[in-house]
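Asks: Structure in structure tokens, see below.
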Amino acid sequence: MKNESAPVSLGTADIGKLLMQYAIPAIIAMTASSLYNITDSIFIGHGVGPLALSGLAITFPLMNLAAAFGSLVGVGASTLLSIRMGQKDYRTANDILGNVFVLNLIMGTGFSVLTLLFLKPILLFFGAGSETLDYAHDFMVIILSGNVITHMYFGLNALIRSAGNPQKAMMATIYTVLINLVLNPLFIFGFHWGIRGSAFATIISQVVVLCWQIRLFNNKDYFIHWKKGIYKLKKKIVIDSLSIGMSPFLMNAASCLIVIIINQQLIRNGGDLAVGAYGIVNRMAFLFVMIVIGLNQGMQPIAGYNYGAKMHDRVIAVLKRSMIYATLIMIAGFALVELFPRTVASIFTTEDRLVDIAVPGLRWVFAVYPLVGFQMVTSAFFQSIGKPQKSIILAMTRQVIFLIPILLVLPNYWGITGVWASMTISDFISVLLAGVLLNRELKWNKQQIK
């Protein structure tokens with residue numbers, strides 16, 4: 001993990017080449033991770049059944065909430081690390097590593113204990129019925145038992161990327177996916193463990209890769225590594241990390257609330273199979289969202305470093321390139337789903353009724369995707385330069401302030417179509433708001449360049 005020149009190159013190398021150097025590994029990693037989620041659903045859909053797919057969809061809110069606490073630490077600390085490297089403050093950078101380890105240990109354990117104590121009532125509140133509760137419960141007991149491993153894995157991977165090692169961060173994700181792809185069919189089809197087999201595969205793969213990550217930070221020649229004195233929580237690091245990480249935290253927490261409402265509306269208007277259809281739509285939507293997140297992860301250390309070094313022209317340059325690439329990614333997703341929705345849905349299940357419900361959902365949700373990439377990059381940009389307030393505004397308006405009222409009203413008139421259309425309308429309005437906030441920020445940056 002020795003790479004002393006990496007932090008300096010963030011402020012000197014060509015922006016286009018630099019973005020590709022950082023973004024491509026992150027995109028590959030995020031794509032691999034998303035493809036795992038898709039194949040995971042395929043294995044469950046074909047190996048366990050369509051109701052198991054609905055049970056898996058019921059767990060999405062709790063999974064999002066767990067991810068929210070993980071991103072609160074990991075994303076916030078990795079952004080802070082980039083900014084401190086730009087300021088050449090390597091002592092604080094090393095302290096960030098120790099603080100991330102301790103914070104993830106505390107939050108990951110605390111979340112697991114609380115949710116396991118009340119797991120069945122939580123799942124029932126999320127919309128689990130008599131036919132889906134056991135599937136959801138069996139899956140989440142295992143996932144939550146290993147939650148601290150998941151938090152630590154994602155937190156350290158974010159630091160590896162921000163510390164100038166995007167390729168190693170990519171390999172960590174790919175290793176996890178490959179181990180999953182081997183264990184999932186073995187546990188589901190070979191050992192007949194059902195949906196629990198998929199959960200075991202997830203945790204085991206993360207344990208293996210976490211051991212590798214910990215070993216990477218044992219290299220004492222690298223400018224951040226394990227050593228005495230870095231594990232004591234420091235007030236400024238904790239506050240700054242949690243402040244910057246508040247935006248992705250609220251995004252994931254809001255996703256938890258939104259998925260609960262979506263599931264309840266779908267059950268009301270279409271039954272348990274409609275929830276399974278949302279599971280299909282969600283997996284496909286996240287494939288392209290995760291690719292853009294990978295792009296944003298590549299942008300983040302570049303924007304954060306150059307913002308910390310007060311090189312505002314390079315900050316704007318990496319933002320513009322990221323916007324273009326994100327738009328092209330989302331156009332590809334739009335074209336695939338709008339042209340071949342039934343083929344896409346049929347990958348997950350052979351149940352015709354489930355496919356029939358999923359097809360219009362796919363078309364509606366992807367309708368404004370060519371614009372969503374712009375909104376996602378804008379939100380990540382504000383987070384990357386240490387301005388979490390604006391990123392929080394974009395996250396909360398899209399997933400709470402705009403979406404919830406529409407989601408509560410529209411299905412009363414359009415039924416299940418109203419559920420799908422609510423997401424599309426909310427996305428479009430959030431794109432407009434992102435444009436307004438970004439325009440103001442760019443005007444300020446132009447003044448700094450002059």
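If you're wondering about the labels, chains in the structure tokens are A, B, ... by order shown, residues count from 1 in each chain, ligands from 1 in order shown.
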I want to know what sits within 12 Å of Ile316 (chain A), based on only C-alpha atoms, with residues of the same chain fewer than 6 positions away left out; could you give that as a ChimeraX atom specification?

Replies: /A:15,299,302-304,306-307,310,322-323,378,381-382,385,438-439,441-446,448-449

Asks: Store the residues picked out above in a file with N, CA and C atoms, as a JSON list (two decimals), in the first residue's frame.

Replies:
[["chain", "number", "residue", "atom", "x", "y", "z"],
["A", 15, "ILE", "N", -6.54, 16.43, -15.06],
["A", 15, "ILE", "CA", -7.82, 16.13, -14.43],
["A", 15, "ILE", "C", -8.51, 14.94, -15.10],
["A", 299, "MET", "N", -14.41, 11.06, -8.09],
["A", 299, "MET", "CA", -14.35, 12.52, -8.06],
["A", 299, "MET", "C", -14.00, 13.06, -6.68],
["A", 302, "ILE", "N", -10.35, 13.86, -5.54],
["A", 302, "ILE", "CA", -9.78, 14.90, -6.42],
["A", 302, "ILE", "C", -10.36, 16.26, -6.06],
["A", 303, "ALA", "N", -11.69, 16.33, -5.95],
["A", 303, "ALA", "CA", -12.34, 17.59, -5.60],
["A", 303, "ALA", "C", -11.96, 18.02, -4.19],
["A", 304, "GLY", "N", -11.96, 17.07, -3.24],
["A", 304, "GLY", "CA", -11.63, 17.40, -1.86],
["A", 304, "GLY", "C", -10.21, 17.90, -1.70],
["A", 306, "ASN", "N", -8.13, 19.23, -4.04],
["A", 306, "ASN", "CA", -7.90, 20.51, -4.72],
["A", 306, "ASN", "C", -8.66, 21.65, -4.06],
["A", 307, "TYR", "N", -9.81, 21.34, -3.45],
["A", 307, "TYR", "CA", -10.53, 22.37, -2.71],
["A", 307, "TYR", "C", -9.73, 22.75, -1.47],
["A", 310, "LYS", "N", -6.97, 24.94, -2.38],
["A", 310, "LYS", "CA", -7.46, 26.21, -2.97],
["A", 310, "LYS", "C", -7.18, 26.31, -4.47],
["A", 322, "SER", "N", -17.27, 14.93, -14.49],
["A", 322, "SER", "CA", -18.11, 13.96, -13.78],
["A", 322, "SER", "C", -19.57, 14.09, -14.21],
["A", 323, "MET", "N", -20.02, 15.31, -14.42],
["A", 323, "MET", "CA", -21.39, 15.55, -14.89],
["A", 323, "MET", "C", -21.64, 14.86, -16.24],
["A", 378, "THR", "N", -24.03, 16.49, -8.38],
["A", 378, "THR", "CA", -24.11, 17.76, -7.65],
["A", 378, "THR", "C", -24.13, 17.53, -6.15],
["A", 381, "PHE", "N", -20.74, 16.41, -5.00],
["A", 381, "PHE", "CA", -19.78, 17.50, -5.12],
["A", 381, "PHE", "C", -19.79, 18.36, -3.85],
["A", 382, "PHE", "N", -20.97, 18.73, -3.39],
["A", 382, "PHE", "CA", -21.07, 19.54, -2.18],
["A", 382, "PHE", "C", -20.49, 18.81, -0.98],
["A", 385, "ILE", "N", -16.49, 18.79, -1.09],
["A", 385, "ILE", "CA", -15.76, 20.02, -0.77],
["A", 385, "ILE", "C", -16.07, 20.50, 0.64],
["A", 438, "LEU", "N", -26.29, 24.47, -7.62],
["A", 438, "LEU", "CA", -24.99, 24.36, -8.26],
["A", 438, "LEU", "C", -24.62, 25.66, -8.97],
["A", 439, "ASN", "N", -25.59, 26.30, -9.59],
["A", 439, "ASN", "CA", -25.33, 27.56, -10.27],
["A", 439, "ASN", "C", -24.78, 28.61, -9.30],
["A", 441, "GLU", "N", -23.14, 27.98, -6.51],
["A", 441, "GLU", "CA", -21.80, 27.55, -6.10],
["A", 441, "GLU", "C", -20.76, 27.86, -7.17],
["A", 442, "LEU", "N", -21.11, 27.65, -8.43],
["A", 442, "LEU", "CA", -20.16, 27.91, -9.52],
["A", 442, "LEU", "C", -19.85, 29.40, -9.65],
["A", 443, "LYS", "N", -20.84, 30.23, -9.40],
["A", 443, "LYS", "CA", -20.59, 31.68, -9.43],
["A", 443, "LYS", "C", -19.58, 32.06, -8.36],
["A", 444, "TRP", "N", -19.71, 31.47, -7.19],
["A", 444, "TRP", "CA", -18.77, 31.76, -6.10],
["A", 444, "TRP", "C", -17.37, 31.25, -6.46],
["A", 445, "ASN", "N", -17.27, 30.07, -7.06],
["A", 445, "ASN", "CA", -15.97, 29.52, -7.44],
["A", 445, "ASN", "C", -15.29, 30.36, -8.50],
["A", 446, "LYS", "N", -16.05, 30.92, -9.43],
["A", 446, "LYS", "CA", -15.47, 31.79, -10.46],
["A", 446, "LYS", "C", -14.84, 33.03, -9.84],
["A", 448, "GLN", "N", -13.49, 33.08, -6.92],
["A", 448, "GLN", "CA", -12.25, 32.66, -6.28],
["A", 448, "GLN", "C", -11.11, 32.52, -7.27],
["A", 449, "ILE", "N", -11.44, 32.07, -8.51],
["A", 449, "ILE", "CA", -10.42, 31.91, -9.55],
["A", 449, "ILE", "C", -9.86, 33.26, -9.96]]

Asks: Just the alpha helix (DSSP H) stuff from region 33-253 of chain A, please, per backbone DSSP, written as a ChimeraX atom specification.

Replies: /A:33-47,50-58,60-86,90-117,119-126,133-145,147-162,166-185,195-216,235-253

Asks: Please provide the set of residues having any atom within 9 Å of region 395-399 of chain A, restricted to only C-alpha atoms, with same-chain residues fewer than 2 positions apart removed, written as a PyMOL selection string.

Replies: chain A and resi 247-248+250-251+254-255+257-258+379+390-393+401-404+423+426-431+433

Asks: Neighbours of region 38-46 of chain A within 6 Å (only C-alpha atoms; same-chain residues fewer than 2 positions away dropped), as an NGL selection string?

Replies: :A and (35-36 or 48-50 or 53 or 283 or 348-349)

Asks: Leaving out Gln206 (chain A) and any residue of its chain fewer than 6 positions from it, which residues lie within 8 Å of it when counting only C-alpha atoms, given as a list in words?

Replies: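 Within the cut-off, the hits are Ile149, Thr150, Tyr153 and Thr176 of chain A.
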
Asks: Using only C-alpha atoms, pick whichever of A:Val238, A:Ala136, A:Ile262, A:Ile142 has the shortest atom-to-atom distance to Ala201 (chain A).

Replies: A:Ile142

Asks: What gap, in Å, lies between CA of Val275 (chain A) and CA of Ile291 (chain A)?

Replies: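 So the two atoms, CA of Val275 (chain A) and CA of Ile291 (chain A), lie 24.4 Å apart.
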